[in-house]
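What follows is a single structure, written as structure tokens, with notes after it.
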Amino acid sequence: NFDGYVNFIYSIVVLIHEGGFPTGDYNECPGISGPIVDIVRRLDKAVDAVVSGHTHRAYVCSIDGRLVTSGDKYGTVVSAIDLQIDRATRDVMSAKANNVIVRIDAYAKDRQQTDLIAAYDRLVEPLAQRVIGRVGGAFTRETHASGAFSAGQLVADAQLAATAAPEQGGAVIAFANSGGVRTALQPEADGTVRYAQVFAMQPFANHLVTLTLSGEQIRQLLEQQWRDDNSVGQFLQVSRGFAYRWMASQGKGRRVVPGSLRLHGKLLEPAQPYRVTVNSFLAEGADGLRVLLEGRDRQTGVADVAALERYLAAHPGLTPSALDRIQRDD
């Protein structure tokens, strides 16, 4: 007791949108790497277990003496976690987990849930089927050796167009995270694109954020695409007019080829400020892109899905651009 209050010891489980990269099976954890390892080691010892995600991998790990799980992606796995808790201290005595594969072919659909989903499908049908515009080809997620793909470049171009006007942020470059581009854009046979396809590409309702970075900070941003363990995370997709080259053979912090960062053919000056657009997820330093936290004069714009919708509507017959904005030299 302290001034009428009782001090309790609680079991603490952390749910975090970050993850790791194991090399084993879905219930194993050999060679786990990635941000989650350092994060768990830095957590207060009061934390008993961690439920992670983000990397779309399934694993059951012990990191720093604590249970760490991840349940793959798209509902394919359910993590069954068993914590044995001391009734007196409320502290965790043991922690185990089992990743159970969801075998939808083995069970009948729940009638109540099926009816609920069908009701919502009927409600959203008019919005989903609304025609946005027409394009001249498919924008795929097939990734070039450089890290670029046409659907990603499309999203980056749309975000630049939405924030280029001075009153909208005055952006000259846009970067889109690959993981935020969830699907390819596959139009109908006549090129028709409907809202459901646009929403599937950009479903997170992130808003665009335009901020000021120096040329040197942009270089640092591109270097931060590689993780602390030297593995690449997810390449940033870059907007029209910006280009750079990189080499896999170079060490951490030296992969971007010096003098290769160019905007409309002109070399980026290290000390010169540039207005850069990213989504609100990246603007908070996500995916290890910590230099974005240093961005100044932030201006929040429209939602990313709205930017993509407007861009497609304004460019009928649009076709995928060449994957030459990012070039790999080795």
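Residue numbering restarts at 1 in every chain; chains get A, B, ... in the order shown in the structure tokens, and ligands count up from 1 in that same order.
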Those of segment 67-161 of chain A in DSSP alpha helix (DSSP H), formatted as a PyMOL selection string: chain A and resi 111-128+150-161
Output for the residues just chosen: N, CA and C atoms as a JSON list (two decimals), in the first residue's frame:
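File again12.json, as written:
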[["chain", "number", "residue", "atom", "x", "y", "z"],
["A", 111, "ARG", "N", -21.96, -19.59, -41.20],
["A", 111, "ARG", "CA", -23.09, -18.99, -41.91],
["A", 111, "ARG", "C", -23.29, -17.53, -41.53],
["A", 112, "GLN", "N", -23.21, -17.23, -40.25],
["A", 112, "GLN", "CA", -23.45, -15.86, -39.79],
["A", 112, "GLN", "C", -22.41, -14.90, -40.35],
["A", 113, "GLN", "N", -21.15, -15.31, -40.31],
["A", 113, "GLN", "CA", -20.09, -14.45, -40.84],
["A", 113, "GLN", "C", -20.20, -14.30, -42.35],
["A", 114, "THR", "N", -20.56, -15.38, -43.03],
["A", 114, "THR", "CA", -20.72, -15.32, -44.48],
["A", 114, "THR", "C", -21.82, -14.35, -44.87],
["A", 115, "ASP", "N", -22.93, -14.38, -44.14],
["A", 115, "ASP", "CA", -24.03, -13.47, -44.43],
["A", 115, "ASP", "C", -23.63, -12.02, -44.16],
["A", 116, "LEU", "N", -22.85, -11.80, -43.09],
["A", 116, "LEU", "CA", -22.41, -10.44, -42.76],
["A", 116, "LEU", "C", -21.52, -9.88, -43.86],
["A", 117, "ILE", "N", -20.58, -10.69, -44.31],
["A", 117, "ILE", "CA", -19.68, -10.24, -45.38],
["A", 117, "ILE", "C", -20.47, -9.94, -46.65],
["A", 118, "ALA", "N", -21.42, -10.79, -46.98],
["A", 118, "ALA", "CA", -22.24, -10.58, -48.18],
["A", 118, "ALA", "C", -23.03, -9.29, -48.09],
["A", 119, "ALA", "N", -23.51, -8.96, -46.91],
["A", 119, "ALA", "CA", -24.26, -7.71, -46.73],
["A", 119, "ALA", "C", -23.37, -6.50, -46.97],
["A", 120, "TYR", "N", -22.15, -6.55, -46.47],
["A", 120, "TYR", "CA", -21.23, -5.43, -46.69],
["A", 120, "TYR", "C", -20.81, -5.36, -48.16],
["A", 121, "ASP", "N", -20.65, -6.51, -48.80],
["A", 121, "ASP", "CA", -20.31, -6.52, -50.23],
["A", 121, "ASP", "C", -21.38, -5.78, -51.04],
["A", 122, "ARG", "N", -22.62, -6.00, -50.69],
["A", 122, "ARG", "CA", -23.71, -5.33, -51.40],
["A", 122, "ARG", "C", -23.67, -3.82, -51.18],
["A", 123, "LEU", "N", -23.31, -3.41, -49.96],
["A", 123, "LEU", "CA", -23.27, -1.98, -49.64],
["A", 123, "LEU", "C", -22.15, -1.26, -50.39],
["A", 124, "VAL", "N", -20.99, -1.91, -50.52],
["A", 124, "VAL", "CA", -19.84, -1.23, -51.12],
["A", 124, "VAL", "C", -19.79, -1.39, -52.64],
["A", 125, "GLU", "N", -20.64, -2.25, -53.20],
["A", 125, "GLU", "CA", -20.58, -2.52, -54.63],
["A", 125, "GLU", "C", -20.63, -1.27, -55.50],
["A", 126, "PRO", "N", -21.54, -0.32, -55.26],
["A", 126, "PRO", "CA", -21.56, 0.87, -56.12],
["A", 126, "PRO", "C", -20.26, 1.67, -56.08],
["A", 127, "LEU", "N", -19.67, 1.79, -54.90],
["A", 127, "LEU", "CA", -18.39, 2.51, -54.78],
["A", 127, "LEU", "C", -17.27, 1.72, -55.45],
["A", 128, "ALA", "N", -17.22, 0.42, -55.20],
["A", 128, "ALA", "CA", -16.14, -0.41, -55.75],
["A", 128, "ALA", "C", -16.15, -0.43, -57.27],
["A", 150, "SER", "N", 6.74, -1.17, -61.98],
["A", 150, "SER", "CA", 5.92, -0.16, -62.63],
["A", 150, "SER", "C", 4.77, 0.32, -61.76],
["A", 151, "ALA", "N", 4.15, -0.55, -60.96],
["A", 151, "ALA", "CA", 3.08, -0.11, -60.07],
["A", 151, "ALA", "C", 3.61, 0.87, -59.02],
["A", 152, "GLY", "N", 4.82, 0.64, -58.56],
["A", 152, "GLY", "CA", 5.43, 1.54, -57.58],
["A", 152, "GLY", "C", 5.74, 2.90, -58.17],
["A", 153, "GLN", "N", 6.25, 2.91, -59.40],
["A", 153, "GLN", "CA", 6.52, 4.19, -60.05],
["A", 153, "GLN", "C", 5.23, 4.96, -60.31],
["A", 154, "LEU", "N", 4.16, 4.24, -60.63],
["A", 154, "LEU", "CA", 2.87, 4.89, -60.83],
["A", 154, "LEU", "C", 2.42, 5.60, -59.56],
["A", 155, "VAL", "N", 2.52, 4.93, -58.42],
["A", 155, "VAL", "CA", 2.11, 5.52, -57.15],
["A", 155, "VAL", "C", 2.98, 6.73, -56.81],
["A", 156, "ALA", "N", 4.29, 6.62, -57.01],
["A", 156, "ALA", "CA", 5.18, 7.75, -56.74],
["A", 156, "ALA", "C", 4.84, 8.94, -57.63],
["A", 157, "ASP", "N", 4.56, 8.70, -58.90],
["A", 157, "ASP", "CA", 4.19, 9.78, -59.82],
["A", 157, "ASP", "C", 2.89, 10.45, -59.38],
["A", 158, "ALA", "N", 1.93, 9.64, -58.94],
["A", 158, "ALA", "CA", 0.66, 10.19, -58.49],
["A", 158, "ALA", "C", 0.85, 11.07, -57.26],
["A", 159, "GLN", "N", 1.72, 10.65, -56.36],
["A", 159, "GLN", "CA", 1.95, 11.42, -55.14],
["A", 159, "GLN", "C", 2.69, 12.72, -55.43],
["A", 160, "LEU", "N", 3.60, 12.68, -56.39],
["A", 160, "LEU", "CA", 4.27, 13.91, -56.79],
["A", 160, "LEU", "C", 3.28, 14.88, -57.42],
["A", 161, "ALA", "N", 2.44, 14.38, -58.32],
["A", 161, "ALA", "CA", 1.46, 15.24, -59.00],
["A", 161, "ALA", "C", 0.51, 15.89, -58.00]]
Exercise: Gln299 of chain A partners within 7 Å, only C-alpha atoms, chain neighbours under 2 positions left out, as a ChimeraX atom specification: /A:169,209-211,297,301
Pull C-alpha atoms from the residues just selected and write them as a PDB file, in the first residue's frame.
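Listing of part_7.pdb after writing:
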ATOM      1  CA  GLY A 169       3.505  21.459 -50.782  1.00  0.00           C
ATOM      2  CA  VAL A 209       3.335  14.545 -46.216  1.00  0.00           C
ATOM      3  CA  THR A 210       5.632  16.995 -47.993  1.00  0.00           C
ATOM      4  CA  LEU A 211       8.771  18.029 -46.137  1.00  0.00           C
ATOM      5  CA  ASP A 297       8.280  22.477 -42.842  1.00  0.00           C
ATOM      6  CA  GLY A 301      -1.982  16.644 -48.064  1.00  0.00           C
TER       7      GLY A 301
END
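Here the question is which of A:Ile63, A:Ala162, A:Cys29, A:Ile12 gets nearest to Asp91 of chain A using only C-alpha atoms, and that residue is A:Ile12.
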Residue nearest His144 of chain A among A:Asn279, A:Gln168, A:Gln327, A:Thr319 (counting only C-alpha atoms): A:Gln327
Which residue of A:Gln272, A:Gly179, A:Pro203, A:Leu263 approaches Gly215 of chain A most closely, using only C-alpha atoms: A:Gln272
Can you write out as a Markdown table which residues of segment 232-293 of chain A fall within 9 Å of segment 216-227 of chain A, alongside each residue's closest atom pair and its distance in Å to one decimal, counting only C-alpha atoms and ordering rows by chain and ascending residue number?
| residue | atom | partner | partner_atom | distance |
| --- | --- | --- | --- | --- |
| A:Val232 | CA | A:Trp226 | CA | 4.2 |
| A:Gly233 | CA | A:Trp226 | CA | 5.7 |
| A:Gln234 | CA | A:Gln225 | CA | 6.6 |
| A:Phe235 | CA | A:Gln225 | CA | 6.1 |
| A:Leu236 | CA | A:Gln225 | CA | 7.4 |
| A:Lys252 | CA | A:Trp226 | CA | 7.4 |
| A:Gly253 | CA | A:Glu223 | CA | 5.5 |
| A:Arg254 | CA | A:Glu223 | CA | 7.3 |
| A:Arg255 | CA | A:Glu223 | CA | 6.7 |
| A:Val256 | CA | A:Glu223 | CA | 6.5 |
| A:Leu261 | CA | A:Arg219 | CA | 7.6 |
| A:Leu268 | CA | A:Glu216 | CA | 8.3 |
| A:Glu269 | CA | A:Glu216 | CA | 7.5 |
| A:Pro270 | CA | A:Glu216 | CA | 4.3 |
| A:Ala271 | CA | A:Glu216 | CA | 6.6 |
| A:Gln272 | CA | A:Glu216 | CA | 8.4 |
| A:Tyr274 | CA | A:Ile218 | CA | 8.7 |
| A:Val276 | CA | A:Ile218 | CA | 8.9 |
| A:Asp287 | CA | A:Gln225 | CA | 7.9 |
| A:Gly288 | CA | A:Gln224 | CA | 6.6 |
| A:Leu289 | CA | A:Gln224 | CA | 5.6 |
| A:Arg290 | CA | A:Gln224 | CA | 7.7 |
| A:Val291 | CA | A:Leu221 | CA | 6.0 |
| A:Leu292 | CA | A:Leu221 | CA | 7.2 |
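Across the model, the gap from atom CA of Asp86 of chain A to atom CA of Arg42 of chain A is 24.8 Å.
Each of A:Val51, A:Val305, A:Thr300, A:Ala145 was checked against Val181 of chain A using only C-alpha atoms; the smallest atom-to-atom distance is that of A:Val305.
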Which polymer residues have any atom within 8 Å of an atom of Ile36 of chain A, counting only C-alpha atoms, with same-chain residues fewer than 6 positions away left out, as a PDB file with N, CA and C atoms, in the first residue's frame?
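Just written: result-v8.pdb:
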ATOM      1  N   GLU A  18       6.359  -4.460 -36.313  1.00  0.00           N
ATOM      2  CA  GLU A  18       7.733  -4.570 -36.794  1.00  0.00           C
ATOM      3  C   GLU A  18       8.066  -6.036 -36.702  1.00  0.00           C
ATOM      4  N   GLY A  19       9.078  -6.477 -37.406  1.00  0.00           N
ATOM      5  CA  GLY A  19       9.322  -7.908 -37.417  1.00  0.00           C
ATOM      6  C   GLY A  19      10.729  -8.278 -37.801  1.00  0.00           C
ATOM      7  N   GLY A  20      10.910  -9.559 -38.084  1.00  0.00           N
ATOM      8  CA  GLY A  20      12.232 -10.069 -38.406  1.00  0.00           C
ATOM      9  C   GLY A  20      12.203 -11.055 -39.550  1.00  0.00           C
ATOM     10  N   SER A  52       4.805  -9.860 -32.973  1.00  0.00           N
ATOM     11  CA  SER A  52       5.346  -8.975 -34.006  1.00  0.00           C
ATOM     12  C   SER A  52       4.644  -9.209 -35.341  1.00  0.00           C
TER      13      SER A  52
END
Pairwise distance for atom CA of Arg275 of chain A and atom CA of Ile173 of chain A, rounded to one decimal in Å: 6.8 Å
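Atom CA of Val13 of chain A is positioned 6.0 Å from atom CA of Val47 of chain A.
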Could you give me, as CSV, every segment 60-163 of chain A residue with an atom at most 10 Å from segment 53-56 of chain A, plus its closest atom pair and distance in Å to one decimal, counting only C-alpha atoms, rows ordered by chain then number?
residue,atom,partner,partner_atom,distance
A:Thr69,CA,A:Gly53,CA,8.1
A:Ser70,CA,A:Gly53,CA,5.4
A:Gly71,CA,A:Gly53,CA,6.9
A:Asp72,CA,A:His56,CA,4.6
A:Lys73,CA,A:His56,CA,5.0
A:Tyr74,CA,A:His56,CA,8.5
Writer output for current selection, N, CA and C atoms, as an mmCIF file, in the first residue's frame:
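That gives us again_34.cif:
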data_model
loop_
_atom_site.group_PDB
_atom_site.id
_atom_site.type_symbol
_atom_site.label_atom_id
_atom_site.label_comp_id
_atom_site.auth_asym_id
_atom_site.auth_seq_id
_atom_site.Cartn_x
_atom_site.Cartn_y
_atom_site.Cartn_z
ATOM 1 N N THR A 69 6.665 -13.841 -31.338
ATOM 2 C CA THR A 69 5.949 -14.573 -32.379
ATOM 3 C C THR A 69 5.626 -13.673 -33.559
ATOM 4 N N SER A 70 5.320 -14.330 -34.680
ATOM 5 C CA SER A 70 4.785 -13.629 -35.846
ATOM 6 C C SER A 70 3.915 -14.613 -36.610
ATOM 7 N N GLY A 71 2.779 -14.147 -37.133
ATOM 8 C CA GLY A 71 1.786 -15.025 -37.726
ATOM 9 C C GLY A 71 1.647 -14.931 -39.221
ATOM 10 N N ASP A 72 2.782 -14.775 -39.942
ATOM 11 C CA ASP A 72 2.745 -14.790 -41.399
ATOM 12 C C ASP A 72 1.906 -13.626 -41.943
ATOM 13 N N LYS A 73 0.969 -13.896 -42.855
ATOM 14 C CA LYS A 73 0.232 -12.834 -43.538
ATOM 15 C C LYS A 73 -1.126 -13.330 -43.999
ATOM 16 N N TYR A 74 -2.027 -12.371 -44.217
ATOM 17 C CA TYR A 74 -3.324 -12.641 -44.843
ATOM 18 C C TYR A 74 -4.134 -13.719 -44.126
#
Spatial neighbours of Pro30 of chain A, max dist 10 Å, only C-alpha atoms, sep filter under 4 positions, as a short mmCIF file (atom, residue, chain, number, x, y, z; two decimals) with C-alpha atoms, in the first residue's frame:
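Result saved to result-v4.cif:
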data_model
loop_
_atom_site.label_atom_id
_atom_site.label_comp_id
_atom_site.auth_asym_id
_atom_site.auth_seq_id
_atom_site.Cartn_x
_atom_site.Cartn_y
_atom_site.Cartn_z
CA PHE A 21 13.57 -12.50 -40.98
CA PRO A 22 14.20 -16.10 -39.85
CA THR A 23 15.61 -18.81 -42.09
CA GLY A 24 13.58 -21.74 -40.73
CA ASP A 25 10.04 -23.10 -40.79
CA TYR A 59 8.11 -17.68 -36.53
CA VAL A 60 8.24 -18.58 -32.85
CA CYS A 61 11.39 -17.23 -31.22
#
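For the choices A:Val50, A:Ala138, A:Ala248, A:Leu15, the atom-to-atom distance to Leu67 of chain A is smallest for A:Val50 when using only C-alpha atoms.
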Non-local contacts of Ala97 of chain A (6 Å; only C-alpha atoms; under 4 positions in same chain excluded) as a ChimeraX atom specification: /A:80-82
